[in-house]
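Participant: Would you mind keeping the following structure in view while I ask a few things?
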Amino acid sequence: MLLCDGEHDIETDATAMLLVLRGLIEPCEKGERPSAWSVLRKFDNAYFPLMNLMITGKCNLNCLHCFNAADNAALMTEWSFEDVCGLLDQARDCGVLGFQITGGEPMAHRRFLDIVREIYKRNMSVFAINTNGWFMTQEVLDELKAIGCNSEMRISFDGIGFHDWMRQRKGAEQSALSAMELCLQNGFRVQSNTQVNRRNVHVMMPTAKLLDDIGVQGMRIIRTTEAPRWEANASGACLDLEEYYGSMLDFSVEYLHSGLSMDVESWQFIGLLPKEHSYYLKPVKFAEGQYRDGGHCCRCAHCMTAVTSEGEVMPCNQMSGYFLKHGISMGNVRRTPLRDLLRDGDYVKAANMTAGDLRSADGKCASCPYFRFCGGGCRALGQLYAGDEDHLSFAHEDVTKCRFFEGGWYQKVTHALSEWTNLSEVAKL
């Protein structure tokens, strides 16, 4: 890579030819140079190639389960265009290549398209946009295509007959479905982010069929968890873990025989790949023989920095309401340069925590026979269930994974889905 400067001849060998055949590199003539995107760069901070950026906390809906808030007070924080451009400069100079844009409702930001445009001006890209779809129009999609943005559209849809209730806005359901269809017509990949709880679990299968019928490529079913706002608004509606695992396994078996082709992932549980006739298990972080102490507890947090509309950095934006409620801060880019936050400190330690670090810090994990498969599970969930323990330790077991393995759910799933290929094979349990 250092020799690829448009001046030196590099002897062609078998490795280089293989990379050419795979389309990863190409021969160049004298004087041609790598693009600004592909040139080798070095950074003195921990490397996080992606950023989950909440450009605004404002939203046109008032979702009962919003994880961004500590209570039902409206979130009004938002990045100004000038300040977000400064953050984009810092992100570029720290090695960030791609963004997931989220909110609130990101399209409620009056400079939404300008922010996307500024990302591409800096040779970075947007790989996903989280949206409720309310503001999705042909004009918006035309602008995105003109910018060169072909991001995945992750549109919230909480089930036939329940979306308006969860989003507290009449017409939200039809708006979301119309947005999905419009995005698909324009060649954008669409994923549905679907909340599941005791009130709507019975419509997951008809909802999946509806989404598959209109051409949605992916459905992510998310257990509506114990976020502060959800507890206040719908106490008793949260599926407990046994209910969740059981209902999602029943759904998976029915889906297996439905003939539908859309990929479906049940949060922290099962991913279904019908075209490949296979599935994977989210609690299995390390398949048989793959465990190593140096493996990261959260592969997502290890590669993607989350920044809230208030400027707070955290391992994932799903923790924002919890952090707000408990007064937790791991650093703020409005007060401290991003590079400094990515060099050292609480945030970097949490994002880069390894399975070995967790095993050394948590007695239950250290003695657990399943640890070599789950690696301690999700750090956000571990923190949620830590109670009044140290909020910045992130060294508490994820009890959802304990329940999965200790409750025999690995065996239940593999038996129920025996017709499909298990991509998360571990030793016979």
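Going through the structure tokens in order, the chains are called A, B, and so on, while each chain numbers its residues from 1 and the ligands are numbered from 1 in the order shown.
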DSSP on the backbone, strand (DSSP E or B) only: what residues of segment 104-265 of chain A does that give? Format it as number ranges by chain.
Facilitator: A: 125-131, 152-156, 190-196, 218-223, 263-265
Participant: Might you pull out every residue within 12 Å of Asp89 of chain A, with only C-alpha atoms counted and same-chain residues fewer than 3 positions away left off, and present them as a VMD selection string?
Facilitator: chain A and resid 82 to 86 92 to 97 118 to 124 337 to 339
Participant: I'd like the interatomic distance between atom CA of Val196 of chain A and atom CA of Arg223 of chain A, to a tenth of an Å.
Facilitator: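 Atom-to-atom, atom CA of Val196 of chain A and atom CA of Arg223 of chain A are spaced 5.0 Å apart.
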Participant: Which one is closest to Phe48 of chain A: A:Ile328, A:Leu342, A:Cys149, A:Cys4? Count only C-alpha atoms.
Facilitator: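 When distances to Phe48 of chain A are compared using only C-alpha atoms, the smallest one comes from A:Leu342.
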Participant: Can you list, as a VMD selection string, every protein, DNA or RNA residue that comes within 10 Å of segment 100-106 of chain A when you count only C-alpha atoms, leaving out same-chain residues fewer than 3 positions away?
Facilitator: chain A and resid 50 to 63 66 to 69 74 to 78 109 to 113 115 to 116 125 to 135 151 to 152 154 304 306 to 309 317
Participant: Of the residues A:Ala36, A:Val201, A:Ile214, A:Leu87, which is the one nearest to Thr336 of chain A, using only C-alpha atoms?
Facilitator: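 Result for the nearest residue to Thr336 of chain A: A:Leu87.
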Participant: Between A:Met353, A:Ile160, A:Ala91, A:Met166, which residue has the minimum interatomic distance to His202 of chain A, considering only C-alpha atoms?
Facilitator: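 Ranking A:Met353, A:Ile160, A:Ala91, A:Met166 by distance to His202 of chain A, first place goes to A:Ile160.
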